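A short worksheet on the structure shown next.
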Amino acid sequence: MFTILRKLLATIIKSTITLLPFKFKDLLKTHLPPQIVNYVIHFRNKNHITQTIVPALDPFILENRLLESAPFIQELKKGLDQESCDVVDSFLRKSLIASYADYIKVPDIPKLLEKCTDKANLKILKNSDFIFNDPAFKKLKKKYPRTLVTSCSSGYFHSGVRLFPNEIKQALENKVFLDCGAFYGESSFAFQLYKPTKIYAFEPVKGTNKILNSNIEHYKLQDKIQAVALGISDKQGQVKITNEHFAANSIKTSLQGHYSIKENINYETIEIISIDEYVQKNNITNIGLIKYDIEGAEQGGVIGAKETITKYKPALAISIYHSISDFTDIKPLIDSWNLGYKFKIVATLPADPQINNLLLVEYMLLAYQ
């Protein structure tokens with residue numbers, strides 16, 4: 001009986017596709033890649049999917065495997081362990097639910113999101129005490145109180161590096177690290193646990209870079225961390241970037257060619273460079289780790305490091321949560337270079353008991369050999 005009802009629901013939803021408002025379709029196309037747009041449209045019509053129908057989407061979304069079995073998702077999952085595949089499925093299902101959450105008042109959306117959250121991150125959301133009581137985390141916060149190592153992502157997960165296999169972490173000792181998107185230095189300070197010879201911390205925003213330098217000087221780590229006032233991309237030049245010291249600053253829209261000034265937001269012009277070019281110009285060798293958290297410009301940053309990655313095969317910790325295309329495309333891109341990398345997709349959270357947003361997740365792609 002349930003199967004019959006589910007098929008009937010699918011038929012009803014598909015029959016309403018042509019009635020979707022043009023603006024809604026356009027909104028989807030703006031924010032989602034075509035593969036997901038075509039799928040999401042099947043689930044959304046604010047005029048025809050009412051609160052009496054939407055609750056039936058609960059088991060439908062959780063059990064339907066159409067999106068998870070799509071070719072581009074299968075390519076993403078290729079070679080991933082089961083835990084990483086669970087994270088991928090969780091992300092996709094939450095994206096579907098979130099796509100109609102703003103348009104339909106559904107009381108059980110939080111419950112749907114919870115059911116779609118992978119077990120590891122649901123554990124963090126339910127009880128973050130094990131993170132904040134972690135001895136290593138406490139020690140790091142006490143040692144560098146001026147930085148943001150107090151956050152879950154950098155202080156506990158070390159921007160994903162903590163989740164590398166032990167042998168990979170041990171191999172990082174006495175290597176050079178490239179911290180792309182250093183902000184105030186929280187990752188670079190946490191990386192000291194892995195005993196690198198040098199960290200190049202890229203932070204292009206003037207005010208933020210000034211604080212980064214101040215933190216480095218305060219903790220007398222000038223010989224270990226070098227602040228670099230450059231943005232990372234796949235090219236050299238100048239772009240505009242948002243200039244909000246307490247927010248995530250991005251060059252993504254400028255690089256995509258549709259940059260526009262918005263009211264009440266500060267901007268500045270910065271210099272950008274590729275990793276390959278910077279490494280070559282500064283004769284940097286023995287690179288063991290590249291970390292990217294550059295607010296949606298990660299794909300260009302990875303492309304601009306292809307020669308460096310090919311030569312040194314460093315461990316990679318890449319933020320892939322700024323856009324769905326980052327999430328789905330960066331792993332297959334690196335895999336296509338046939339360098340023999342193994343991959344994991346993990347999620348770090350702002351494990352604050354006051355935060356109960358199941359979409360507020362920092363997904364990281366870990367690549368290592």
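Just remember, in the structure tokens the first chain shown is A, the second B, etc., residues are 1-based per chain, and ligands are 1-based in the order shown.
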
### Message
Need to verify the contact set: A:Leu339, 10 Å, only C-alpha atoms, exclusion of same-chain residues closer than 4 positions in sequence. Can you return it as a VMD selection string?
### Response
chain A and resid 309 to 311 313 334 to 335 369

Those selected residues, please, written with all heavy atoms and delivered as a PDB file, in the first residue's frame.
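Contents of result25.pdb, freshly written:
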ATOM      1  N   ILE A 309      50.963  19.898  -6.635  1.00  0.00           N
ATOM      2  CA  ILE A 309      50.350  18.670  -6.129  1.00  0.00           C
ATOM      3  C   ILE A 309      50.943  17.450  -6.827  1.00  0.00           C
ATOM      4  O   ILE A 309      51.242  16.431  -6.191  1.00  0.00           O
ATOM      5  CB  ILE A 309      48.823  18.716  -6.306  1.00  0.00           C
ATOM      6  CG1 ILE A 309      48.226  19.807  -5.407  1.00  0.00           C
ATOM      7  CG2 ILE A 309      48.190  17.366  -5.991  1.00  0.00           C
ATOM      8  CD1 ILE A 309      46.748  20.088  -5.657  1.00  0.00           C
ATOM      9  N   THR A 310      51.141  17.551  -8.142  1.00  0.00           N
ATOM     10  CA  THR A 310      51.718  16.444  -8.907  1.00  0.00           C
ATOM     11  C   THR A 310      53.151  16.146  -8.471  1.00  0.00           C
ATOM     12  O   THR A 310      53.543  14.977  -8.346  1.00  0.00           O
ATOM     13  CB  THR A 310      51.696  16.766 -10.410  1.00  0.00           C
ATOM     14  OG1 THR A 310      50.345  17.008 -10.828  1.00  0.00           O
ATOM     15  CG2 THR A 310      52.280  15.633 -11.231  1.00  0.00           C
ATOM     16  N   LYS A 311      53.913  17.182  -8.185  1.00  0.00           N
ATOM     17  CA  LYS A 311      55.331  17.005  -7.839  1.00  0.00           C
ATOM     18  C   LYS A 311      55.524  16.491  -6.419  1.00  0.00           C
ATOM     19  O   LYS A 311      56.298  15.554  -6.182  1.00  0.00           O
ATOM     20  CB  LYS A 311      56.073  18.326  -8.014  1.00  0.00           C
ATOM     21  CG  LYS A 311      57.563  18.234  -7.719  1.00  0.00           C
ATOM     22  CD  LYS A 311      58.264  19.559  -8.019  1.00  0.00           C
ATOM     23  CE  LYS A 311      59.762  19.460  -7.757  1.00  0.00           C
ATOM     24  NZ  LYS A 311      60.451  20.748  -8.082  1.00  0.00           N
ATOM     25  N   LYS A 313      52.895  15.699  -4.102  1.00  0.00           N
ATOM     26  CA  LYS A 313      51.798  14.858  -3.600  1.00  0.00           C
ATOM     27  C   LYS A 313      51.523  15.113  -2.112  1.00  0.00           C
ATOM     28  O   LYS A 313      51.532  14.182  -1.295  1.00  0.00           O
ATOM     29  CB  LYS A 313      52.110  13.386  -3.856  1.00  0.00           C
ATOM     30  CG  LYS A 313      52.219  13.065  -5.351  1.00  0.00           C
ATOM     31  CD  LYS A 313      52.502  11.605  -5.596  1.00  0.00           C
ATOM     32  CE  LYS A 313      52.470  11.288  -7.086  1.00  0.00           C
ATOM     33  NZ  LYS A 313      53.461  12.060  -7.871  1.00  0.00           N
ATOM     34  N   ILE A 334      40.519  16.149  -8.862  1.00  0.00           N
ATOM     35  CA  ILE A 334      41.821  15.653  -8.416  1.00  0.00           C
ATOM     36  C   ILE A 334      42.010  14.198  -8.825  1.00  0.00           C
ATOM     37  O   ILE A 334      43.093  13.787  -9.263  1.00  0.00           O
ATOM     38  CB  ILE A 334      41.967  15.812  -6.890  1.00  0.00           C
ATOM     39  CG1 ILE A 334      41.858  17.288  -6.495  1.00  0.00           C
ATOM     40  CG2 ILE A 334      43.292  15.230  -6.400  1.00  0.00           C
ATOM     41  CD1 ILE A 334      41.774  17.522  -4.998  1.00  0.00           C
ATOM     42  N   ASP A 335      40.949  13.423  -8.727  1.00  0.00           N
ATOM     43  CA  ASP A 335      41.004  12.012  -9.110  1.00  0.00           C
ATOM     44  C   ASP A 335      41.359  11.855 -10.582  1.00  0.00           C
ATOM     45  O   ASP A 335      42.053  10.899 -10.968  1.00  0.00           O
ATOM     46  CB  ASP A 335      39.650  11.364  -8.815  1.00  0.00           C
ATOM     47  CG  ASP A 335      39.787   9.902  -8.427  1.00  0.00           C
ATOM     48  OD1 ASP A 335      40.923   9.443  -8.177  1.00  0.00           O
ATOM     49  OD2 ASP A 335      38.754   9.206  -8.371  1.00  0.00           O
ATOM     50  N   GLN A 369      48.104  10.113   0.403  1.00  0.00           N
ATOM     51  CA  GLN A 369      48.687   8.922  -0.226  1.00  0.00           C
ATOM     52  C   GLN A 369      49.386   8.052   0.817  1.00  0.00           C
ATOM     53  O   GLN A 369      49.749   8.515   1.870  1.00  0.00           O
ATOM     54  CB  GLN A 369      49.690   9.328  -1.290  1.00  0.00           C
ATOM     55  CG  GLN A 369      49.022  10.040  -2.466  1.00  0.00           C
ATOM     56  CD  GLN A 369      49.928  10.139  -3.655  1.00  0.00           C
ATOM     57  OE1 GLN A 369      51.138   9.994  -3.555  1.00  0.00           O
ATOM     58  NE2 GLN A 369      49.352  10.399  -4.799  1.00  0.00           N
TER      59      GLN A 369
END

### Who sits within 6 Å of stretch 220-234 of chain A, only C-alpha atoms, same chain under 3 positions skipped, as a PyMOL selection string
chain A and resi 198-204+216-217+271-274+300-301+303-304

### Task
May I have the residues within 10 Å of A:Thr150 as a PyMOL selection string, using only C-alpha atoms and disregarding those fewer than 2 positions away in the same chain?
chain A and resi 132+137-138+140-142+144-148+152-156+186

Expected file: the selected residues, N, CA and C atoms, as a PDB file, in the first residue's frame:
ATOM      1  N   PHE A 132      34.687  19.613  23.535  1.00  0.00           N
ATOM      2  CA  PHE A 132      35.198  20.704  24.362  1.00  0.00           C
ATOM      3  C   PHE A 132      35.918  20.215  25.615  1.00  0.00           C
ATOM      4  N   PHE A 137      42.411  19.725  22.825  1.00  0.00           N
ATOM      5  CA  PHE A 137      41.688  20.943  22.478  1.00  0.00           C
ATOM      6  C   PHE A 137      41.863  21.985  23.582  1.00  0.00           C
ATOM      7  N   LYS A 138      41.714  21.560  24.817  1.00  0.00           N
ATOM      8  CA  LYS A 138      41.875  22.473  25.950  1.00  0.00           C
ATOM      9  C   LYS A 138      43.281  23.069  25.983  1.00  0.00           C
ATOM     10  N   LEU A 140      45.344  23.473  23.498  1.00  0.00           N
ATOM     11  CA  LEU A 140      45.520  24.385  22.370  1.00  0.00           C
ATOM     12  C   LEU A 140      44.877  25.737  22.660  1.00  0.00           C
ATOM     13  N   LYS A 141      43.674  25.731  23.227  1.00  0.00           N
ATOM     14  CA  LYS A 141      42.992  26.986  23.561  1.00  0.00           C
ATOM     15  C   LYS A 141      43.765  27.782  24.608  1.00  0.00           C
ATOM     16  N   LYS A 142      44.338  27.069  25.564  1.00  0.00           N
ATOM     17  CA  LYS A 142      45.101  27.736  26.617  1.00  0.00           C
ATOM     18  C   LYS A 142      46.394  28.330  26.075  1.00  0.00           C
ATOM     19  N   TYR A 144      47.009  29.320  22.836  1.00  0.00           N
ATOM     20  CA  TYR A 144      46.811  30.388  21.852  1.00  0.00           C
ATOM     21  C   TYR A 144      45.447  31.066  22.046  1.00  0.00           C
ATOM     22  N   PRO A 145      45.197  31.679  23.179  1.00  0.00           N
ATOM     23  CA  PRO A 145      43.871  32.250  23.449  1.00  0.00           C
ATOM     24  C   PRO A 145      43.497  33.417  22.549  1.00  0.00           C
ATOM     25  N   ARG A 146      44.488  34.084  21.928  1.00  0.00           N
ATOM     26  CA  ARG A 146      44.179  35.235  21.074  1.00  0.00           C
ATOM     27  C   ARG A 146      43.622  34.837  19.716  1.00  0.00           C
ATOM     28  N   THR A 147      43.730  33.557  19.350  1.00  0.00           N
ATOM     29  CA  THR A 147      43.279  33.119  18.038  1.00  0.00           C
ATOM     30  C   THR A 147      41.954  32.390  18.156  1.00  0.00           C
ATOM     31  N   LEU A 148      41.423  31.973  17.000  1.00  0.00           N
ATOM     32  CA  LEU A 148      40.143  31.283  16.984  1.00  0.00           C
ATOM     33  C   LEU A 148      40.304  29.762  17.038  1.00  0.00           C
ATOM     34  N   CYS A 152      35.383  24.731  16.969  1.00  0.00           N
ATOM     35  CA  CYS A 152      35.403  23.282  16.778  1.00  0.00           C
ATOM     36  C   CYS A 152      36.219  22.905  15.543  1.00  0.00           C
ATOM     37  N   SER A 153      36.003  23.622  14.441  1.00  0.00           N
ATOM     38  CA  SER A 153      36.625  23.263  13.174  1.00  0.00           C
ATOM     39  C   SER A 153      38.145  23.329  13.239  1.00  0.00           C
ATOM     40  N   SER A 154      38.677  24.423  13.757  1.00  0.00           N
ATOM     41  CA  SER A 154      40.135  24.578  13.790  1.00  0.00           C
ATOM     42  C   SER A 154      40.750  24.022  15.066  1.00  0.00           C
ATOM     43  N   GLY A 155      40.080  24.208  16.200  1.00  0.00           N
ATOM     44  CA  GLY A 155      40.667  23.816  17.470  1.00  0.00           C
ATOM     45  C   GLY A 155      40.620  22.331  17.749  1.00  0.00           C
ATOM     46  N   TYR A 156      39.539  21.674  17.326  1.00  0.00           N
ATOM     47  CA  TYR A 156      39.422  20.239  17.565  1.00  0.00           C
ATOM     48  C   TYR A 156      39.793  19.425  16.327  1.00  0.00           C
ATOM     49  N   GLU A 186      44.110  30.721  12.999  1.00  0.00           N
ATOM     50  CA  GLU A 186      43.689  29.620  13.862  1.00  0.00           C
ATOM     51  C   GLU A 186      44.169  28.264  13.361  1.00  0.00           C
TER      52      GLU A 186
END

## Note on the structure
Closest of A:Glu307, A:Glu75, A:Asp179, A:Asp129 to A:Val279, counting only C-alpha atoms, is A:Glu307

### Message
Counting only C-alpha atoms, which residue out of A:Val302, A:Ser188, A:Ile275, A:Thr269 sits closest to A:Pro332?
### Response
A:Val302

### Message
Calculated over only C-alpha atoms, which of the candidates A:Asn286, A:Thr328, A:Asn209, A:Gln280 has the smallest distance to A:Gln299?
### Response
A:Thr328

### Message
Set the distance at 9 Å and use only C-alpha atoms: which residues neighbour A:Lys344 once local chain neighbours fewer than 4 positions away are removed? I'd like the list as a list in words.
### Response
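Answer for this query is Gly79, Leu80, Asp81, Glu83, Ser84, Cys85, Phe164, Met364, Leu365, Leu366, Ala367 and Tyr368 of chain A.
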
### Task
For each of A:Thr308, A:Thr348, A:Asp329, A:Leu172, take the minimum atom-to-atom distance to A:Ile131, counting only C-alpha atoms, then give the residue where this is smallest.
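Looking only at the distances to A:Ile131, the closest residue turns out to be A:Thr348.
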